[in-house]
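Structure, as structure tokens:
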Amino acid sequence: QVQLVESGGGLVQAGGSLRLSCASSGRSFRGYEVGWFRQAPGKEREFVARINLSGTKTNYTDSVKGRFTISRDNGRNTVYLQMNSLKPEDTAVYYCSVDPGSGWGPLGRGTQVTVAS
């Protein structure tokens with residue numbers, strides 16, 4: 001079973017950067033696509049980015065294109081989300097999940113990102 005742990009969140013000023021990490025504390029997720037999601041207060045959870053097994057293909061929601069970069073280090077069993085040029089509307093709890101091919105699995109506990117204006 002893949003158990004995910006997100007980290008790296010925090011408080012940052014608008015225009016700043018953060019790097020989130022998603023690590024598996026259980027089974028390796030090198031055989032899965034991995035995605036990042038976020039949920040802001042009072043809003044539905046939304047897809048942010050995904051990366052394929054080899055790390056050669058990525059997808060992003062339009063609002064983060066050009067600012068966020070997803071990457072993975074299969075040797076370290078970790079997926080990263082580099083977030084640059086952060087905006088107040090990026091404030092949310094960020095979660096990661098894996099897709100074994102049958103849809104996204106359970107999320108981790110999440111990490112809070114707060115962007116101050």
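Residue numbering restarts at 1 in every chain; chains get A, B, ... in the order shown in the structure tokens, and ligands count up from 1 in that same order.
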
- Task: Enumerate, as a ChimeraX atom specification, the complete set of residues in chain A that a backbone-based DSSP assignment places in helix (DSSP H, G or I).
- Result: /A:62-64,88-90

- Task: Skip A:Val115 itself and residues of its chain fewer than 6 positions away, then list as number ranges by chain all residues within 12 Å of it, counting only C-alpha atoms.
- Result: A: 9-18, 40, 83-93

Write to file, as an mmCIF file, in the first residue's frame, the residues of the selection just made, with N, CA and C atoms.
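This went into again-v5.cif:
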```cif
data_model
loop_
_atom_site.group_PDB
_atom_site.id
_atom_site.type_symbol
_atom_site.label_atom_id
_atom_site.label_comp_id
_atom_site.auth_asym_id
_atom_site.auth_seq_id
_atom_site.Cartn_x
_atom_site.Cartn_y
_atom_site.Cartn_z
ATOM 1 N N GLY A 9 5.117 22.921 2.909
ATOM 2 C CA GLY A 9 4.255 24.087 2.900
ATOM 3 C C GLY A 9 4.714 25.134 3.901
ATOM 4 N N GLY A 10 4.044 26.274 3.859
ATOM 5 C CA GLY A 10 4.387 27.346 4.782
ATOM 6 C C GLY A 10 3.752 28.645 4.386
ATOM 7 N N LEU A 11 4.207 29.704 5.022
ATOM 8 C CA LEU A 11 3.723 31.057 4.747
ATOM 9 C C LEU A 11 4.770 31.783 3.907
ATOM 10 N N VAL A 12 4.326 32.372 2.807
ATOM 11 C CA VAL A 12 5.251 33.062 1.920
ATOM 12 C C VAL A 12 4.571 34.318 1.377
ATOM 13 N N GLN A 13 5.356 35.313 1.060
ATOM 14 C CA GLN A 13 4.820 36.527 0.456
ATOM 15 C C GLN A 13 4.515 36.292 -1.019
ATOM 16 N N ALA A 14 3.556 37.040 -1.523
ATOM 17 C CA ALA A 14 3.239 36.950 -2.952
ATOM 18 C C ALA A 14 4.504 37.190 -3.772
ATOM 19 N N GLY A 15 4.676 36.370 -4.795
ATOM 20 C CA GLY A 15 5.862 36.433 -5.624
ATOM 21 C C GLY A 15 6.960 35.494 -5.176
ATOM 22 N N GLY A 16 6.787 34.911 -4.002
ATOM 23 C CA GLY A 16 7.787 34.007 -3.468
ATOM 24 C C GLY A 16 7.662 32.596 -4.017
ATOM 25 N N SER A 17 8.473 31.700 -3.452
ATOM 26 C CA SER A 17 8.530 30.320 -3.925
ATOM 27 C C SER A 17 8.490 29.341 -2.762
ATOM 28 N N LEU A 18 7.988 28.167 -3.068
ATOM 29 C CA LEU A 18 8.023 27.040 -2.138
ATOM 30 C C LEU A 18 8.224 25.776 -2.959
ATOM 31 N N ALA A 40 -8.812 24.970 -1.342
ATOM 32 C CA ALA A 40 -8.866 26.226 -0.605
ATOM 33 C C ALA A 40 -10.121 26.237 0.252
ATOM 34 N N MET A 83 6.955 25.621 -6.756
ATOM 35 C CA MET A 83 5.961 26.675 -6.968
ATOM 36 C C MET A 83 6.655 28.027 -6.925
ATOM 37 N N ASN A 84 6.651 28.719 -8.038
ATOM 38 C CA ASN A 84 7.256 30.048 -8.141
ATOM 39 C C ASN A 84 6.195 31.093 -8.411
ATOM 40 N N SER A 85 6.551 32.347 -8.209
ATOM 41 C CA SER A 85 5.631 33.468 -8.470
ATOM 42 C C SER A 85 4.279 33.219 -7.814
ATOM 43 N N LEU A 86 4.307 32.831 -6.561
ATOM 44 C CA LEU A 86 3.080 32.475 -5.862
ATOM 45 C C LEU A 86 2.155 33.674 -5.716
ATOM 46 N N LYS A 87 0.859 33.374 -5.774
ATOM 47 C CA LYS A 87 -0.185 34.389 -5.665
ATOM 48 C C LYS A 87 -1.078 34.057 -4.475
ATOM 49 N N PRO A 88 -1.754 35.047 -3.937
ATOM 50 C CA PRO A 88 -2.670 34.763 -2.816
ATOM 51 C C PRO A 88 -3.698 33.688 -3.162
ATOM 52 N N GLU A 89 -4.114 33.618 -4.415
ATOM 53 C CA GLU A 89 -5.107 32.614 -4.804
ATOM 54 C C GLU A 89 -4.525 31.201 -4.848
ATOM 55 N N ASP A 90 -3.235 31.055 -4.651
ATOM 56 C CA ASP A 90 -2.637 29.727 -4.530
ATOM 57 C C ASP A 90 -2.766 29.176 -3.111
ATOM 58 N N THR A 91 -3.245 29.995 -2.197
ATOM 59 C CA THR A 91 -3.420 29.555 -0.818
ATOM 60 C C THR A 91 -4.383 28.385 -0.744
ATOM 61 N N ALA A 92 -3.943 27.288 -0.150
ATOM 62 C CA ALA A 92 -4.752 26.074 -0.086
ATOM 63 C C ALA A 92 -3.973 25.005 0.686
ATOM 64 N N VAL A 93 -4.663 23.928 0.980
ATOM 65 C CA VAL A 93 -3.980 22.722 1.438
ATOM 66 C C VAL A 93 -3.659 21.898 0.195
#
```

- Task: Can you list, as a PyMOL selection string, all residues belonging to chain A that DSSP tags as strand (DSSP E or B)?
- Result: chain A and resi 4-7+10-13+18-24+33-39+46-51+58-60+68-73+78-83+92-99+111-116

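In this model, the gap between atom CA of A:Ser7 and atom CA of A:Leu20 comes to 5.7 Å.
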
- For atom CA of A:Gln82 and atom CA of A:Arg67, determine how far apart the two atoms are, in Å to one decimal place.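 Going from atom CA of A:Gln82 over to atom CA of A:Arg67, I get 8.2 Å.
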
- Residue contacts of A:Gln39 (9 Å, only C-alpha atoms) excluding same-chain residues fewer than 3 positions away, as a VMD selection string: chain A and resid 42 to 46 91 to 95

Output for the residues just chosen: all heavy atoms as a PDB file, in the first residue's frame:
```
ATOM      1  N   GLY A  42     -13.600  26.692   1.596  1.00  0.00           N
ATOM      2  CA  GLY A  42     -14.863  26.977   0.944  1.00  0.00           C
ATOM      3  C   GLY A  42     -14.935  26.612  -0.517  1.00  0.00           C
ATOM      4  O   GLY A  42     -15.935  26.889  -1.184  1.00  0.00           O
ATOM      5  N   LYS A  43     -13.879  25.985  -1.032  1.00  0.00           N
ATOM      6  CA  LYS A  43     -13.848  25.616  -2.453  1.00  0.00           C
ATOM      7  C   LYS A  43     -13.671  24.112  -2.607  1.00  0.00           C
ATOM      8  O   LYS A  43     -13.233  23.427  -1.698  1.00  0.00           O
ATOM      9  CB  LYS A  43     -12.725  26.352  -3.169  1.00  0.00           C
ATOM     10  CG  LYS A  43     -12.905  27.853  -3.212  1.00  0.00           C
ATOM     11  CD  LYS A  43     -11.854  28.503  -4.085  1.00  0.00           C
ATOM     12  CE  LYS A  43     -12.066  30.011  -4.180  1.00  0.00           C
ATOM     13  NZ  LYS A  43     -11.041  30.650  -5.050  1.00  0.00           N
ATOM     14  N   GLU A  44     -14.020  23.635  -3.797  1.00  0.00           N
ATOM     15  CA  GLU A  44     -13.828  22.225  -4.076  1.00  0.00           C
ATOM     16  C   GLU A  44     -12.353  21.924  -4.329  1.00  0.00           C
ATOM     17  O   GLU A  44     -11.592  22.790  -4.763  1.00  0.00           O
ATOM     18  CB  GLU A  44     -14.662  21.820  -5.295  1.00  0.00           C
ATOM     19  CG  GLU A  44     -16.159  21.889  -5.061  1.00  0.00           C
ATOM     20  CD  GLU A  44     -16.956  21.340  -6.230  1.00  0.00           C
ATOM     21  OE1 GLU A  44     -16.344  20.994  -7.257  1.00  0.00           O
ATOM     22  OE2 GLU A  44     -18.180  21.269  -6.103  1.00  0.00           O
ATOM     23  N   ARG A  45     -11.981  20.688  -4.109  1.00  0.00           N
ATOM     24  CA  ARG A  45     -10.625  20.263  -4.405  1.00  0.00           C
ATOM     25  C   ARG A  45     -10.397  20.330  -5.911  1.00  0.00           C
ATOM     26  O   ARG A  45     -11.280  19.975  -6.696  1.00  0.00           O
ATOM     27  CB  ARG A  45     -10.389  18.844  -3.908  1.00  0.00           C
ATOM     28  CG  ARG A  45      -8.958  18.372  -4.033  1.00  0.00           C
ATOM     29  CD  ARG A  45      -8.791  17.047  -3.341  1.00  0.00           C
ATOM     30  NE  ARG A  45      -9.556  15.998  -3.961  1.00  0.00           N
ATOM     31  CZ  ARG A  45     -10.249  15.075  -3.285  1.00  0.00           C
ATOM     32  NH1 ARG A  45     -10.278  15.115  -1.966  1.00  0.00           N
ATOM     33  NH2 ARG A  45     -10.897  14.136  -3.922  1.00  0.00           N
ATOM     34  N   GLU A  46      -9.222  20.796  -6.312  1.00  0.00           N
ATOM     35  CA  GLU A  46      -8.926  20.897  -7.732  1.00  0.00           C
ATOM     36  C   GLU A  46      -7.600  20.242  -8.065  1.00  0.00           C
ATOM     37  O   GLU A  46      -6.673  20.210  -7.247  1.00  0.00           O
ATOM     38  CB  GLU A  46      -8.916  22.358  -8.200  1.00  0.00           C
ATOM     39  CG  GLU A  46      -7.803  23.197  -7.628  1.00  0.00           C
ATOM     40  CD  GLU A  46      -7.677  24.557  -8.313  1.00  0.00           C
ATOM     41  OE1 GLU A  46      -8.159  24.717  -9.454  1.00  0.00           O
ATOM     42  OE2 GLU A  46      -7.076  25.456  -7.686  1.00  0.00           O
ATOM     43  N   THR A  91      -3.245  29.995  -2.197  1.00  0.00           N
ATOM     44  CA  THR A  91      -3.420  29.555  -0.818  1.00  0.00           C
ATOM     45  C   THR A  91      -4.383  28.385  -0.744  1.00  0.00           C
ATOM     46  O   THR A  91      -5.516  28.470  -1.234  1.00  0.00           O
ATOM     47  CB  THR A  91      -3.929  30.710   0.057  1.00  0.00           C
ATOM     48  OG1 THR A  91      -2.914  31.726   0.120  1.00  0.00           O
ATOM     49  CG2 THR A  91      -4.250  30.225   1.465  1.00  0.00           C
ATOM     50  N   ALA A  92      -3.943  27.288  -0.150  1.00  0.00           N
ATOM     51  CA  ALA A  92      -4.752  26.074  -0.086  1.00  0.00           C
ATOM     52  C   ALA A  92      -3.973  25.005   0.686  1.00  0.00           C
ATOM     53  O   ALA A  92      -2.781  25.178   0.967  1.00  0.00           O
ATOM     54  CB  ALA A  92      -5.066  25.557  -1.484  1.00  0.00           C
ATOM     55  N   VAL A  93      -4.663  23.928   0.980  1.00  0.00           N
ATOM     56  CA  VAL A  93      -3.980  22.722   1.438  1.00  0.00           C
ATOM     57  C   VAL A  93      -3.659  21.898   0.195  1.00  0.00           C
ATOM     58  O   VAL A  93      -4.533  21.649  -0.637  1.00  0.00           O
ATOM     59  CB  VAL A  93      -4.840  21.911   2.418  1.00  0.00           C
ATOM     60  CG1 VAL A  93      -4.087  20.654   2.854  1.00  0.00           C
ATOM     61  CG2 VAL A  93      -5.204  22.763   3.635  1.00  0.00           C
ATOM     62  N   TYR A  94      -2.408  21.504   0.065  1.00  0.00           N
ATOM     63  CA  TYR A  94      -1.951  20.762  -1.102  1.00  0.00           C
ATOM     64  C   TYR A  94      -1.790  19.285  -0.730  1.00  0.00           C
ATOM     65  O   TYR A  94      -1.201  18.951   0.304  1.00  0.00           O
ATOM     66  CB  TYR A  94      -0.632  21.331  -1.613  1.00  0.00           C
ATOM     67  CG  TYR A  94      -0.808  22.624  -2.358  1.00  0.00           C
ATOM     68  CD1 TYR A  94      -1.159  23.790  -1.686  1.00  0.00           C
ATOM     69  CD2 TYR A  94      -0.650  22.677  -3.742  1.00  0.00           C
ATOM     70  CE1 TYR A  94      -1.345  24.986  -2.377  1.00  0.00           C
ATOM     71  CE2 TYR A  94      -0.836  23.861  -4.438  1.00  0.00           C
ATOM     72  CZ  TYR A  94      -1.177  25.009  -3.746  1.00  0.00           C
ATOM     73  OH  TYR A  94      -1.370  26.186  -4.427  1.00  0.00           O
ATOM     74  N   TYR A  95      -2.298  18.441  -1.609  1.00  0.00           N
ATOM     75  CA  TYR A  95      -2.280  16.999  -1.398  1.00  0.00           C
ATOM     76  C   TYR A  95      -1.656  16.302  -2.606  1.00  0.00           C
ATOM     77  O   TYR A  95      -1.725  16.811  -3.728  1.00  0.00           O
ATOM     78  CB  TYR A  95      -3.705  16.456  -1.249  1.00  0.00           C
ATOM     79  CG  TYR A  95      -4.540  17.071  -0.177  1.00  0.00           C
ATOM     80  CD1 TYR A  95      -5.329  18.192  -0.445  1.00  0.00           C
ATOM     81  CD2 TYR A  95      -4.597  16.524   1.095  1.00  0.00           C
ATOM     82  CE1 TYR A  95      -6.123  18.759   0.536  1.00  0.00           C
ATOM     83  CE2 TYR A  95      -5.393  17.083   2.086  1.00  0.00           C
ATOM     84  CZ  TYR A  95      -6.154  18.197   1.796  1.00  0.00           C
ATOM     85  OH  TYR A  95      -6.938  18.747   2.775  1.00  0.00           O
TER      86      TYR A  95
END
```

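Closest to A:Phe47 among A:Gly8, A:Gly75, A:Val34, A:Thr61 is A:Thr61, based on only C-alpha atoms.
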
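When only C-alpha atoms are used to measure the gap to A:Asn77, the shortest distance among A:Cys22, A:Leu107, A:Val48, A:Val98 belongs to A:Cys22.
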